Structures are given as C-alpha cells and as structure tokens.
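Participant: What follows is the file input-v3.csv, containing CSV, C-alpha atoms and all ligand atoms:
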chain,number,residue,atom,x,y,z
C,26,MET,CA,68.6,161.4,109.7
C,27,GLY,CA,65.7,162.8,107.9
C,28,GLU,CA,63.3,159.9,108.1
C,29,PRO,CA,59.7,160.9,108.7
C,30,SER,CA,58.5,160.3,112.2
C,31,LYS,CA,55.3,158.5,112.8
C,32,LEU,CA,52.3,160.9,112.6
C,33,ALA,CA,51.4,162.6,115.9
C,34,GLN,CA,47.7,162.7,116.5
C,35,ILE,CA,46.5,164.9,119.3
C,36,GLY,CA,43.3,166.7,119.2
C,37,GLU,CA,39.9,167.1,120.7
C,38,ASN,CA,36.4,166.0,119.7
C,39,GLY,CA,37.8,163.8,117.0
C,40,ALA,CA,39.1,166.9,115.2
C,41,ALA,CA,42.7,165.9,115.5
C,42,LEU,CA,45.2,167.3,113.1
C,43,LYS,CA,47.9,165.0,111.9
C,44,ILE,CA,51.3,166.7,112.3
C,45,GLN,CA,54.5,165.0,111.2
C,46,ARG,CA,57.1,166.0,113.7
C,47,ARG,CA,60.7,166.2,112.6
C,48,LYS,CA,62.6,163.0,113.6
C,49,THR,CA,65.4,164.6,115.5
C,50,ARG,CA,67.7,163.0,118.0
C,51,SER,CA,66.4,162.8,121.5
C,52,ILE,CA,68.2,164.7,124.2
C,53,HIS,CA,67.6,164.7,128.0
C,54,VAL,CA,67.3,167.5,130.5
C,55,GLY,CA,67.4,165.5,133.7
C,56,ASP,CA,64.5,163.0,133.3
C,57,LEU,CA,62.8,165.1,130.5
C,58,ILE,CA,63.3,163.9,127.0
C,59,ILE,CA,63.3,166.6,124.2
C,60,GLY,CA,63.0,165.9,120.5
C,61,SER,CA,61.4,163.7,118.0
C,62,GLU,CA,58.2,162.1,119.3
C,63,SER,CA,58.4,163.4,122.9
C,64,HIS,CA,55.8,165.9,123.9
C,65,ILE,CA,56.7,169.6,123.1
C,66,SER,CA,58.0,170.8,126.4
C,67,VAL,CA,57.2,174.3,127.7
C,68,GLN,CA,59.7,176.6,129.4
C,69,SER,CA,59.7,179.9,131.2
C,70,MET,CA,62.2,182.2,132.9
C,71,CYS,CA,62.2,183.8,136.3
C,72,ALA,CA,61.9,187.6,136.1
C,73,THR,CA,62.8,188.0,139.8
C,74,LYS,CA,66.2,189.0,141.0
C,75,THR,CA,68.1,185.7,141.4
C,76,GLN,CA,69.5,186.8,144.8
C,77,ASP,CA,66.0,187.4,146.1
C,78,ILE,CA,65.7,183.8,147.1
C,79,GLU,CA,62.2,184.0,148.5
C,80,ALA,CA,60.8,185.7,145.4
C,81,THR,CA,62.6,183.5,143.0
C,82,THR,CA,61.6,180.3,144.8
C,83,ARG,CA,58.0,181.6,144.8
C,84,GLN,CA,58.1,182.3,141.1
C,85,ILE,CA,59.6,178.8,140.3
C,86,ALA,CA,56.7,177.2,142.3
C,87,LEU,CA,54.2,179.3,140.4
C,88,LEU,CA,55.6,178.3,137.0
C,89,GLN,CA,55.9,174.7,138.1
C,90,GLU,CA,52.3,174.7,139.4
C,91,HIS,CA,51.2,175.8,135.9
C,92,GLY,CA,53.1,173.0,134.2
C,93,ALA,CA,56.5,174.5,133.3
C,94,ASP,CA,58.7,171.6,132.2
C,95,ILE,CA,61.9,173.7,132.5
C,96,ILE,CA,62.6,177.0,134.3
C,97,ARG,CA,65.4,179.3,133.5
C,98,ILE,CA,67.3,181.5,135.9
C,99,ALA,CA,69.9,184.2,135.0
C,100,ILE,CA,73.3,183.8,136.7
C,101,ASP,CA,75.9,186.5,136.4
C,102,SER,CA,77.9,186.4,139.6
C,103,ARG,CA,79.2,184.3,142.4
C,104,ARG,CA,76.5,185.7,144.6
C,105,ASP,CA,73.9,184.6,142.1
C,106,VAL,CA,75.5,181.1,142.3
C,107,GLU,CA,75.2,181.1,146.1
C,108,ALA,CA,71.5,182.1,145.8
C,109,LEU,CA,71.0,179.3,143.2
C,110,ALA,CA,72.4,176.8,145.7
C,111,GLU,CA,69.9,178.0,148.3
C,112,ILE,CA,67.0,178.0,145.8
C,113,ARG,CA,67.8,174.4,144.8
C,114,LYS,CA,67.1,173.3,148.4
C,115,HIS,CA,63.5,174.5,148.0
C,116,THR,CA,62.6,173.1,144.6
C,117,ASN,CA,62.8,170.0,142.5
C,118,ALA,CA,62.1,171.9,139.3
C,119,ARG,CA,64.3,171.2,136.3
C,120,LEU,CA,66.4,174.3,136.2
C,121,VAL,CA,68.4,175.8,133.4
C,122,VAL,CA,70.9,178.7,133.9
C,123,ASP,CA,71.3,181.4,131.5
C,124,LEU,CA,75.0,182.3,131.3
C,125,GLN,CA,76.1,185.5,129.5
C,126,GLU,CA,79.7,186.6,129.5
C,127,SER,CA,80.6,184.6,132.7
C,128,TYR,CA,81.1,181.2,131.0
C,129,LYS,CA,83.4,180.1,133.9
C,130,LEU,CA,80.4,180.1,136.2
C,131,ALA,CA,79.3,176.9,134.4
C,132,ARG,CA,81.3,174.7,136.8
C,133,SER,CA,79.9,176.4,139.9
C,134,VAL,CA,76.2,176.2,138.8
C,135,ALA,CA,76.4,172.6,137.4
C,136,PRO,CA,75.6,170.8,140.6
C,137,TYR,CA,72.3,172.6,140.9
C,138,VAL,CA,70.9,172.5,137.4
C,139,GLN,CA,70.0,170.2,134.5
C,140,LYS,CA,70.8,172.4,131.6
C,141,ILE,CA,73.0,175.4,130.7
C,142,ARG,CA,72.1,178.0,128.0
C,143,TYR,CA,74.9,180.0,126.4
C,144,ASN,CA,74.7,182.7,123.8
C,145,PRO,CA,77.4,182.6,121.1
C,146,GLY,CA,77.2,186.4,120.9
C,147,HIS,CA,78.2,186.8,124.5
C,148,LEU,CA,81.3,184.6,124.6
C,149,TYR,CA,83.5,187.4,123.2
C,150,HIS,CA,83.3,190.0,125.9
C,151,HIS,CA,85.3,188.4,128.8
C,152,GLU,CA,88.9,187.0,128.4
C,153,LYS,CA,89.3,188.3,124.9
C,154,ASN,CA,92.6,186.4,124.5
C,155,VAL,CA,90.9,183.0,125.0
C,156,PRO,CA,89.5,181.6,121.7
C,157,VAL,CA,85.8,181.1,121.7
C,158,HIS,CA,86.1,177.4,120.9
C,159,GLU,CA,88.1,176.9,124.2
C,160,LYS,CA,85.4,178.6,126.1
C,161,VAL,CA,82.9,176.3,124.5
C,162,LYS,CA,85.1,173.3,125.4
C,163,TYR,CA,85.1,174.5,129.0
C,164,ILE,CA,81.2,174.5,129.1
C,165,VAL,CA,81.0,171.2,127.3
C,166,ASP,CA,83.5,169.5,129.7
C,167,VAL,CA,81.3,170.7,132.6
C,168,ALA,CA,78.1,169.5,130.9
C,169,ARG,CA,79.6,166.1,130.3
C,170,GLU,CA,80.9,165.8,133.8
C,171,TYR,CA,77.5,166.6,135.3
C,172,ASP,CA,75.4,165.0,132.6
C,173,LEU,CA,73.7,168.3,131.7
C,174,ALA,CA,72.0,169.4,128.5
C,175,LEU,CA,73.2,172.6,126.7
C,176,ARG,CA,71.3,175.1,124.5
C,177,ILE,CA,73.1,177.1,121.9
C,178,GLY,CA,70.9,180.2,122.2
C,179,VAL,CA,71.4,182.6,119.2
C,180,ASN,CA,69.6,185.9,119.6
C,181,PHE,CA,69.2,188.5,116.9
C,182,GLY,CA,69.6,191.3,119.5
C,183,SER,CA,73.1,190.1,120.5
C,184,LEU,CA,74.6,188.4,117.5
C,185,ASP,CA,78.2,187.2,117.4
C,186,PRO,CA,80.1,190.5,116.6
C,187,GLU,CA,82.7,188.7,114.4
C,188,GLN,CA,80.0,187.2,112.2
C,189,ALA,CA,77.9,190.3,112.2
C,190,GLY,CA,80.8,192.3,110.7
C,191,LYS,CA,80.9,190.0,107.7
C,192,ASN,CA,77.2,190.0,106.6
C,193,GLU,CA,74.4,192.4,107.0
C,194,ASP,CA,71.6,189.9,106.9
C,195,PRO,CA,70.8,188.9,110.5
C,196,ILE,CA,69.4,185.5,109.3
C,197,GLU,CA,72.6,184.6,107.6
C,198,VAL,CA,74.7,185.8,110.6
C,199,ALA,CA,72.5,183.8,113.1
C,200,LEU,CA,72.7,180.7,110.9
C,201,THR,CA,76.4,180.9,110.5
C,202,SER,CA,76.9,181.4,114.2
C,203,ALA,CA,74.7,178.4,115.0
C,204,LYS,CA,76.5,176.3,112.5
C,205,GLU,CA,79.9,177.3,113.9
C,206,HIS,CA,78.8,176.3,117.5
C,207,ILE,CA,77.2,173.1,116.3
C,208,GLY,CA,80.6,172.3,114.8
C,209,TYR,CA,82.4,172.9,118.1
C,210,LEU,CA,80.0,170.6,120.0
C,211,GLU,CA,80.0,167.9,117.4
C,212,ASP,CA,83.8,168.0,117.2
C,213,LEU,CA,83.9,167.5,120.9
C,214,GLY,CA,81.6,164.5,120.6
C,215,PHE,CA,78.8,166.2,122.5
C,216,SER,CA,75.2,165.7,121.3
C,217,ASN,CA,73.0,166.5,124.3
C,218,TYR,CA,72.0,169.9,123.1
C,219,VAL,CA,69.3,172.0,121.5
C,220,VAL,CA,69.5,175.1,119.4
C,221,SER,CA,67.4,178.3,119.5
C,222,LEU,CA,67.3,181.1,116.9
C,223,LYS,CA,65.3,183.9,118.4
C,224,SER,CA,64.2,187.3,117.0
C,225,SER,CA,61.6,189.8,118.0
C,226,ASP,CA,60.2,189.6,114.4
C,227,PRO,CA,57.9,186.5,114.0
C,228,ASN,CA,58.7,186.4,110.3
C,229,ASP,CA,62.4,186.1,111.0
C,230,VAL,CA,61.6,183.3,113.5
C,231,MET,CA,59.6,181.4,110.9
C,232,ASP,CA,62.2,181.9,108.2
C,233,ILE,CA,65.3,181.0,110.2
C,234,ASN,CA,63.8,178.0,111.9
C,235,GLU,CA,62.5,176.6,108.7
C,236,ARG,CA,65.9,177.0,107.1
C,237,PHE,CA,67.6,175.5,110.1
C,238,ALA,CA,65.2,172.5,110.2
C,239,GLN,CA,66.2,171.8,106.6
C,240,MET,CA,70.0,172.1,107.3
C,241,PHE,CA,70.2,170.2,110.5
C,242,LYS,CA,67.5,167.6,110.4
C,243,ASN,CA,68.4,165.8,113.6
C,244,ILE,CA,69.0,168.7,116.0
C,245,PRO,CA,66.1,169.5,118.3
C,246,LEU,CA,64.9,173.1,118.2
C,247,HIS,CA,63.8,175.4,121.0
C,248,LEU,CA,61.4,178.0,119.6
C,249,GLY,CA,60.9,181.6,120.8
C,250,VAL,CA,59.9,185.0,119.6
C,251,THR,CA,62.0,187.1,121.9
C,252,GLU,CA,60.7,190.4,123.4
C,253,ALA,CA,57.3,189.7,122.1
C,254,GLY,CA,56.0,192.2,124.6
C,255,MET,CA,52.8,192.6,126.5
C,256,LEU,CA,49.5,190.9,126.0
C,257,PRO,CA,47.6,190.7,123.8
C,258,MET,CA,50.1,191.6,121.0
C,259,GLY,CA,52.9,189.4,122.6
C,260,GLU,CA,50.7,186.4,122.2
C,261,ILE,CA,49.7,187.3,118.7
C,262,LYS,CA,53.3,187.7,117.5
C,263,THR,CA,54.2,184.4,119.1
C,264,ARG,CA,51.2,182.6,117.7
C,265,ILE,CA,52.0,183.7,114.2
C,266,ALA,CA,55.5,182.1,114.4
C,267,PHE,CA,54.6,179.1,116.5
C,268,GLU,CA,51.5,178.1,114.5
C,269,ASN,CA,53.4,178.2,111.2
C,270,LEU,CA,56.3,176.2,112.6
C,271,LEU,CA,54.5,173.7,114.8
C,272,VAL,CA,52.1,172.7,112.0
C,273,LYS,CA,55.2,171.8,109.9
C,274,GLY,CA,56.5,169.6,112.7
C,275,ILE,CA,59.2,172.1,113.7
C,276,GLY,CA,59.8,172.8,117.4
C,277,ASP,CA,60.6,170.4,120.2
C,278,THR,CA,60.5,172.8,123.1
C,279,LEU,CA,59.4,176.4,123.4
C,280,ARG,CA,59.0,179.5,125.4
C,281,VAL,CA,56.6,182.4,125.1
C,282,SER,CA,58.3,185.6,126.2
C,283,LEU,CA,55.9,188.1,127.6
C,284,THR,CA,56.3,191.3,129.6
C,285,LEU,CA,54.2,190.6,132.7
C,286,PRO,CA,54.2,191.6,136.4
C,287,HIS,CA,55.8,188.9,138.6
C,288,ALA,CA,52.6,187.6,139.9
C,289,GLU,CA,51.3,186.9,136.4
C,290,LYS,CA,54.5,185.2,135.0
C,291,HIS,CA,52.6,181.9,134.7
C,292,LYS,CA,50.7,183.3,131.8
C,293,GLU,CA,53.7,182.5,129.7
C,294,ILE,CA,53.1,178.8,130.4
C,295,GLN,CA,49.3,179.1,129.8
C,296,VAL,CA,49.7,180.9,126.5
C,297,ALA,CA,52.3,178.3,125.3
C,298,LYS,CA,50.2,175.4,126.2
C,299,ALA,CA,47.1,177.0,124.6
C,300,ILE,CA,49.1,177.5,121.3
C,301,ILE,CA,50.3,173.9,121.2
C,302,ALA,CA,46.8,172.5,122.0
C,303,ASP,CA,45.2,174.8,119.4
C,304,VAL,CA,47.7,173.8,116.7
C,305,TYR,CA,47.2,170.1,117.4
C,306,ALA,CA,43.4,170.5,117.4
C,307,GLY,CA,43.5,172.3,114.1
C,308,ARG,CA,42.5,175.7,115.5
C,309,PHE,CA,44.5,178.4,113.9
C,310,ARG,CA,44.1,182.0,114.9
C,311,SER,CA,46.8,183.8,113.0
C,312,VAL,CA,47.5,184.9,109.5
C,313,PRO,CA,50.4,183.2,107.7
C,314,ARG,CA,52.7,186.2,107.9
C,315,PHE,CA,53.1,189.1,110.3
C,316,GLU,CA,52.3,192.3,108.4
C,317,GLN,CA,53.1,195.3,110.5
C,318,THR,CA,50.3,197.7,109.7
C,319,GLY,CA,50.7,200.2,112.6
C,320,LEU,CA,52.6,200.7,115.8
C,321,ASN,CA,54.8,197.7,116.8
C,322,ILE,CA,56.0,197.7,120.4
C,323,ILE,CA,58.8,195.2,121.3
C,324,SER,CA,59.4,194.7,125.0
C,325,CYS,CA,61.6,192.2,126.7
C,326,PRO,CA,60.0,189.8,129.2
C,327,SER,CA,62.4,191.0,131.9
C,328,CYS,CA,64.5,188.7,134.1
C,329,SER,CA,67.0,188.9,137.0
C,330,ARG,CA,69.1,191.3,135.0
C,331,VAL,CA,66.5,194.0,134.7
C,332,GLU,CA,68.2,197.2,135.8
C,333,ASN,CA,65.2,198.8,137.5
C,334,GLU,CA,62.1,197.2,139.0
C,335,ALA,CA,60.1,200.0,137.3
C,336,PHE,CA,60.7,198.3,133.9
C,337,VAL,CA,57.3,196.5,133.6
C,338,GLU,CA,55.4,199.7,134.6
C,339,LEU,CA,57.5,201.7,132.1
C,340,ALA,CA,56.5,199.2,129.3
C,341,GLN,CA,52.8,199.6,130.3
C,342,LYS,CA,53.1,203.4,130.3
C,343,VAL,CA,54.7,203.4,126.9
C,344,ARG,CA,51.8,201.3,125.6
C,345,GLU,CA,49.2,203.6,127.2
C,346,MET,CA,50.9,206.8,125.9
C,347,THR,CA,51.3,205.4,122.4
C,348,GLN,CA,47.7,204.3,121.9
C,349,GLU,CA,46.9,207.6,120.1
C,350,PHE,CA,49.7,206.7,117.7
C,351,SER,CA,48.5,203.2,117.0
C,352,ASP,CA,48.1,203.8,113.3
C,353,ARG,CA,51.8,205.0,112.9
C,354,LYS,CA,54.1,202.7,111.2
C,355,LEU,CA,56.7,202.8,113.9
C,356,THR,CA,58.6,200.2,115.9
C,357,ILE,CA,59.4,201.1,119.5
C,358,ALA,CA,61.6,198.8,121.6
C,359,VAL,CA,61.5,198.9,125.4
C,360,MET,CA,64.3,196.8,127.0
C,361,GLY,CA,65.1,196.0,130.6
C,362,CYS,CA,68.9,196.0,130.6
C,363,ARG,CA,72.2,196.4,128.7
C,364,VAL,CA,72.3,192.7,127.7
C,365,ASN,CA,69.9,192.9,124.7
C,366,GLY,CA,68.9,196.5,125.1
C,367,PRO,CA,71.6,198.2,122.9
C,368,GLY,CA,71.2,195.6,120.1
C,369,GLU,CA,67.4,195.5,119.9
C,370,THR,CA,67.1,199.3,120.2
C,371,ASP,CA,69.5,199.7,117.2
C,372,ASP,CA,66.9,198.1,115.0
C,373,ALA,CA,63.9,200.1,116.2
C,374,ASP,CA,62.7,203.5,115.1
C,375,LEU,CA,62.7,204.6,118.8
C,376,GLY,CA,64.3,202.5,121.5
C,377,LEU,CA,64.4,202.7,125.3
C,378,TRP,CA,66.8,200.6,127.3
C,379,CYS,CA,67.0,200.7,131.1
C,380,ALA,CA,69.9,201.6,133.3
C,381,PRO,CA,69.6,201.6,137.1
C,382,SER,CA,68.7,205.3,137.4
C,383,HIS,CA,68.0,206.4,133.9
C,384,VAL,CA,66.6,205.3,130.6
C,385,ASN,CA,68.6,205.5,127.4
C,386,LEU,CA,66.6,206.8,124.5
C,387,LYS,CA,67.6,206.1,120.9
C,388,ARG,CA,66.3,207.2,117.5
C,389,ARG,CA,67.1,204.8,114.7
C,390,GLY,CA,70.2,203.5,116.4
C,391,GLU,CA,71.5,207.0,117.6
C,392,LEU,CA,71.5,207.9,121.2
C,393,VAL,CA,69.2,210.9,121.8
C,394,GLY,CA,70.0,211.1,125.5
C,395,GLN,CA,69.5,209.7,129.0
C,396,PHE,CA,66.4,210.5,130.9
C,397,SER,CA,65.0,209.8,134.3
C,398,TYR,CA,62.2,207.3,134.7
C,399,GLU,CA,59.8,210.2,135.4
C,400,GLU,CA,60.8,212.1,132.2
C,401,ILE,CA,61.2,209.3,129.7
C,402,VAL,CA,57.6,208.8,128.5
C,403,ALA,CA,57.0,212.5,127.8
C,404,ARG,CA,60.3,212.6,126.0
C,405,LEU,CA,59.4,209.6,123.9
C,406,LYS,CA,56.2,211.4,122.9
C,407,VAL,CA,58.3,214.4,121.7
C,408,GLU,CA,60.2,212.0,119.5
C,409,ILE,CA,57.1,210.4,118.1
C,410,ASP,CA,55.6,213.8,117.3
C,411,ALA,CA,58.9,214.8,115.6
C,412,LEU,CA,59.0,211.7,113.4
C,413,SER,CA,55.3,212.2,112.6
C,414,SER,CA,55.6,215.8,111.6
C,415,ASN,CA,58.7,215.0,109.5
C,416,GLY,CA,56.6,212.5,107.6
C,417,GLU,CA,58.8,209.6,108.9
C,418,ALA,CA,56.0,207.9,110.8
C,419,GLN,CA,53.2,207.9,108.4
C,420,ALA,CA,49.8,206.6,109.3
E,501,LIG,S1,66.8,192.6,128.0
E,501,LIG,FE1,67.8,192.2,129.9
E,501,LIG,S2,66.2,192.3,131.5
E,501,LIG,FE2,65.2,192.0,129.5
E,501,LIG,S3,65.0,189.8,129.3
E,501,LIG,FE3,66.9,190.4,128.2
E,501,LIG,S4,68.5,190.1,129.8
E,501,LIG,FE4,66.5,190.2,130.9
Represent the structure of the file as structure tokens.

Facilitator:
Amino acid sequence: MGEPSKLAQIGENGAALKIQRRKTRSIHVGDLIIGSESHISVQSMCATKTQDIEATTRQIALLQEHGADIIRIAIDSRRDVEALAEIRKHTNARLVVDLQESYKLARSVAPYVQKIRYNPGHLYHHEKNVPVHEKVKYIVDVAREYDLALRIGVNFGSLDPEQAGKNEDPIEVALTSAKEHIGYLEDLGFSNYVVSLKSSDPNDVMDINERFAQMFKNIPLHLGVTEAGMLPMGEIKTRIAFENLLVKGIGDTLRVSLTLPHAEKHKEIQVAKAIIADVYAGRFRSVPRFEQTGLNIISCPSCSRVENEAFVELAQKVREMTQEFSDRKLTIAVMGCRVNGPGETDDADLGLWCAPSHVNLKRRGELVGQFSYEEIVARLKVEIDALSSNGEAQA
C-alpha cells in the first residue's frame, strides 16, 4: 500500500507530462483491468428506456463505437431484467447495471453483466427491517458467484439518510458512508470493487476524492461530476475537477455526465477521452478552482429512469430562457426523475424535477408547486424575477 507507481508517460510531440498514478490494487470488470498502471477506462450510461430494446441496443453500439470501455444501464424492475437479457444477445459490450432500491435484482441481472453499481443512500428504502449490511452481503454473494466487479457509488444528491442526520457537511457524510461500505466489503473478503464519490460541484469532487485517495491508498477510484449539465458548461465543470485530480494521479476510471439528446450521447466518451489526453499531454484548460461568478445550471445526464422524454428539451429551454440572467448568482437544478431530483433540488436556489406529467418546482428546498411541461419555463422566470427584485439573486 502507498508505494509510488512507476511514472506514466503519455503525451504527444515529445511534450509528455509525467504523472505518478496512485498504486492501487487492480480489479477486473470482465477482461478489463482497472487501477494502478492500467489505462484510465472511460464509461457512459444509456439514457434510453431500458425496455426499449432497439433504442438501448443502438445506444450501446454508438457508445462502444466511440470507445466506451464500460456501459451502464439502469435496472429497476423484472421487465427491465427481461429487456437486459434480450439486449445482451445483441452486444458484447462490458455492461454494468445501476441498482437503486431493488438490490434483490442483483441475482437476476448477474448472468448478463460484468459489474454492479449500488448506491449506499438507496439501500434504506425497501425492506426497512433488513439491515443494510445484510443487503450488501446479498449483493457481494452474487458478485462473487458470477465473478462481477462492484462499485460503491456515493452521490451527494442521495446520501445515506442515517449518516446525513448526524452531520451537515456532505463531504463528511459521503466519506463516512463510503468508509462504512468499504468496511462491509472488506469484512466479507471481497476486494473486486471501485468507489465513486460524486457531486455536481466540481470543488466538492476535487476535495472529497483527494481526501479519499489519502485515506484509502489502494482502492481504485471512479471519478465523476454528476449532473454537470449541457455543453459547454458541463465539460468545463468536469474538466476543472478531472484535470486537478488526474494530474495528481487520482482517478482510475471515469465518466463525464452530460445532458445530451440520445443521438449525441457518444459526446460523453469524446469529452472524457479529450480530457485524459489533454492532461497527459500537459494541456490544461481550466482554472484550479471553480468560482461561480454567475448563473450555474445543474442538469442530470438523464437515463432510463427519466420520467418524461421532454426532459432534455426542457433543460435546453431553461438554458435559453435564463440567458438574460447569466450574470445572476443563482443555481438552478433541472433533474429528470425522483431518484436524485428531490435531493439535488434541495441544494439549489431554484429546482425543477420531473414527474411523468408535471414538473415540481422548488425554491431553496421548499416546494413552490407542480406545473405542466408547457407552463414550467414561464413559471421559473417568475421565480427568478422575484428573487432578483428581492435582492436575493444579485448580479
Ligand atoms: S436524476 Fe433520474 S433521470 Fe436523471 S440521471 Fe439521475 S436517475 Fe437518471
């Protein structure tokens, strides 16, 4: 543990930058090795409905064509599992499933995937009488039986409610949660896992991953700025975090989360590869810290769970409408569903999270109301005007 790895030298035109990667343990996702001196693998996630087999298979092929090493799919029901079984017949991609509350689906999905991601914050909602460590044991037993990798995926938008009640600092809560779950896996003698600690704030992503890298020197890290939003700001926020971490040798696999139409989902892979190549070539485009000087729009990248297909268009309309307010110091969150929507909108000045036929609008954590997809953008403007005239959204 903790020994320096040999210096990685990758670059172009002789201008290579020497980066000392952390010497973590190596884990495997099928035939892909993650950690230590292995190449930094790039991931993405399908935004299509999992049960739309044709669209999901097409999106997997698109992501694979652009060099995705691992592709994630959301699975929430038996019907999603049936769709996954069918999708598997059409692809050889390394697949990871994203399990939320339904941890018991792990056994059904295992034959079709190489990796399972679970979120510690979501293991509390179903079967409340079953202790969390028993649920984790269930997932670990499946992973061992099918030789799968796991990801402990901690997300600031859906932190473990028990830990969150004990501390107000999300970084401390997220670290405690990760530490607790690492303890569960290590006690079970399971080491084929990575950890991710994601926030929509690049500064939090930098801080928590640096702290984690110091605390757990041998555990591979999956990097991500969640809900980074649309281009170009989504890339800028991600670059700030990734450049600062990768140059310190932190980060073994990563995903860039962008809000994109389905046909452009491969841009997540292109941007990720460009950031890695730039860092290793010594080309840095960001400033060391993310200073919010004006409007900050957070939007999720969408996935199978998105409640209404109009989500991406809604995010784009919000960006267009808010251009005239670009100098206001406001954070607006636009989220696709109830999974991370309620949590992320709590922390924003104004938050929108989608339900199937309406959009919930919140002001600083309080529900303002529920509005139709046609009404919501105009209603949001009313709220921005109100905050501006109250002096709460100063330019
Ligand atoms: S908020 Fe919902 S729709 Fe958006 S990426 Fe997260 S789970 Fe998917």

Participant: When you look at Val364 of chain C with a cut-off of 10 Å (counting only C-alpha atoms), what residues show up, excluding the ones that are within fewer than 3 positions of it in the same chain? I need them as a PDB file with C-alpha atoms, in the frame of the given file.

Facilitator:
ATOM      1  CA  GLN C 125      76.100 185.500 129.500  1.00  0.00           C
ATOM      2  CA  GLU C 126      79.700 186.600 129.500  1.00  0.00           C
ATOM      3  CA  HIS C 147      78.200 186.800 124.500  1.00  0.00           C
ATOM      4  CA  GLY C 182      69.600 191.300 119.500  1.00  0.00           C
ATOM      5  CA  SER C 183      73.100 190.100 120.500  1.00  0.00           C
ATOM      6  CA  ARG C 330      69.100 191.300 135.000  1.00  0.00           C
ATOM      7  CA  VAL C 331      66.500 194.000 134.700  1.00  0.00           C
ATOM      8  CA  MET C 360      64.300 196.800 127.000  1.00  0.00           C
ATOM      9  CA  GLY C 361      65.100 196.000 130.600  1.00  0.00           C
ATOM     10  CA  PRO C 367      71.600 198.200 122.900  1.00  0.00           C
ATOM     11  CA  GLY C 368      71.200 195.600 120.100  1.00  0.00           C
ATOM     12  CA  GLU C 369      67.400 195.500 119.900  1.00  0.00           C
ATOM     13  CA  TRP C 378      66.800 200.600 127.300  1.00  0.00           C
TER      14      TRP C 378
END

Participant: Around ligand LIG 501 (chain E), which protein and nucleic acid residues have at least one atom no more than 9 Å from it, if we count only C-alpha atoms and all ligand atoms? List them as a VMD selection string.

Facilitator: chain C and resid 70 72 99 125 251 to 252 282 284 324 to 333 336 359 to 367 369 378 to 379

Participant: With all atoms of segment 319-331 of chain C from the file as input, state the centre and edge lengths in Å to one decimal of the axis-aligned box that has 4 Å extra on each side, as JSON.

Facilitator:
{"center_x": 59.9, "center_y": 194.7, "center_z": 124.8, "size_x": 26.4, "size_y": 20.0, "size_z": 32.4}

Participant: For each of C:Glu152, C:Asp105, C:Glu349, C:Asp226, take the minimum atom-to-atom distance to Ile323 of chain C, counting all atoms listed in the file, then give the residue where this is smallest.

Facilitator: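 Looking only at the distances to Ile323 of chain C, the closest residue turns out to be C:Asp226.
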
Participant: Using atom CA of Ser61 of chain C and atom CA of Arg46 of chain C as the two end points, give the distance in Å to one decimal.

Facilitator: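 Distance reported for this atom pair: 6.5 Å.
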
Participant: Just checking: using all atoms listed in the file, which residue out of C:His115, C:Glu159, C:Arg169, C:Leu386 ends up closest to Ala135 of chain C?

Facilitator: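 Looking only at the distances to Ala135 of chain C, the closest residue turns out to be C:Arg169.
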
Participant: If you measure from atom CA of Leu213 of chain C to atom CA of Val230 of chain C, what distance in Å do you get, rounded to one decimal?

Facilitator: 28.3 Å
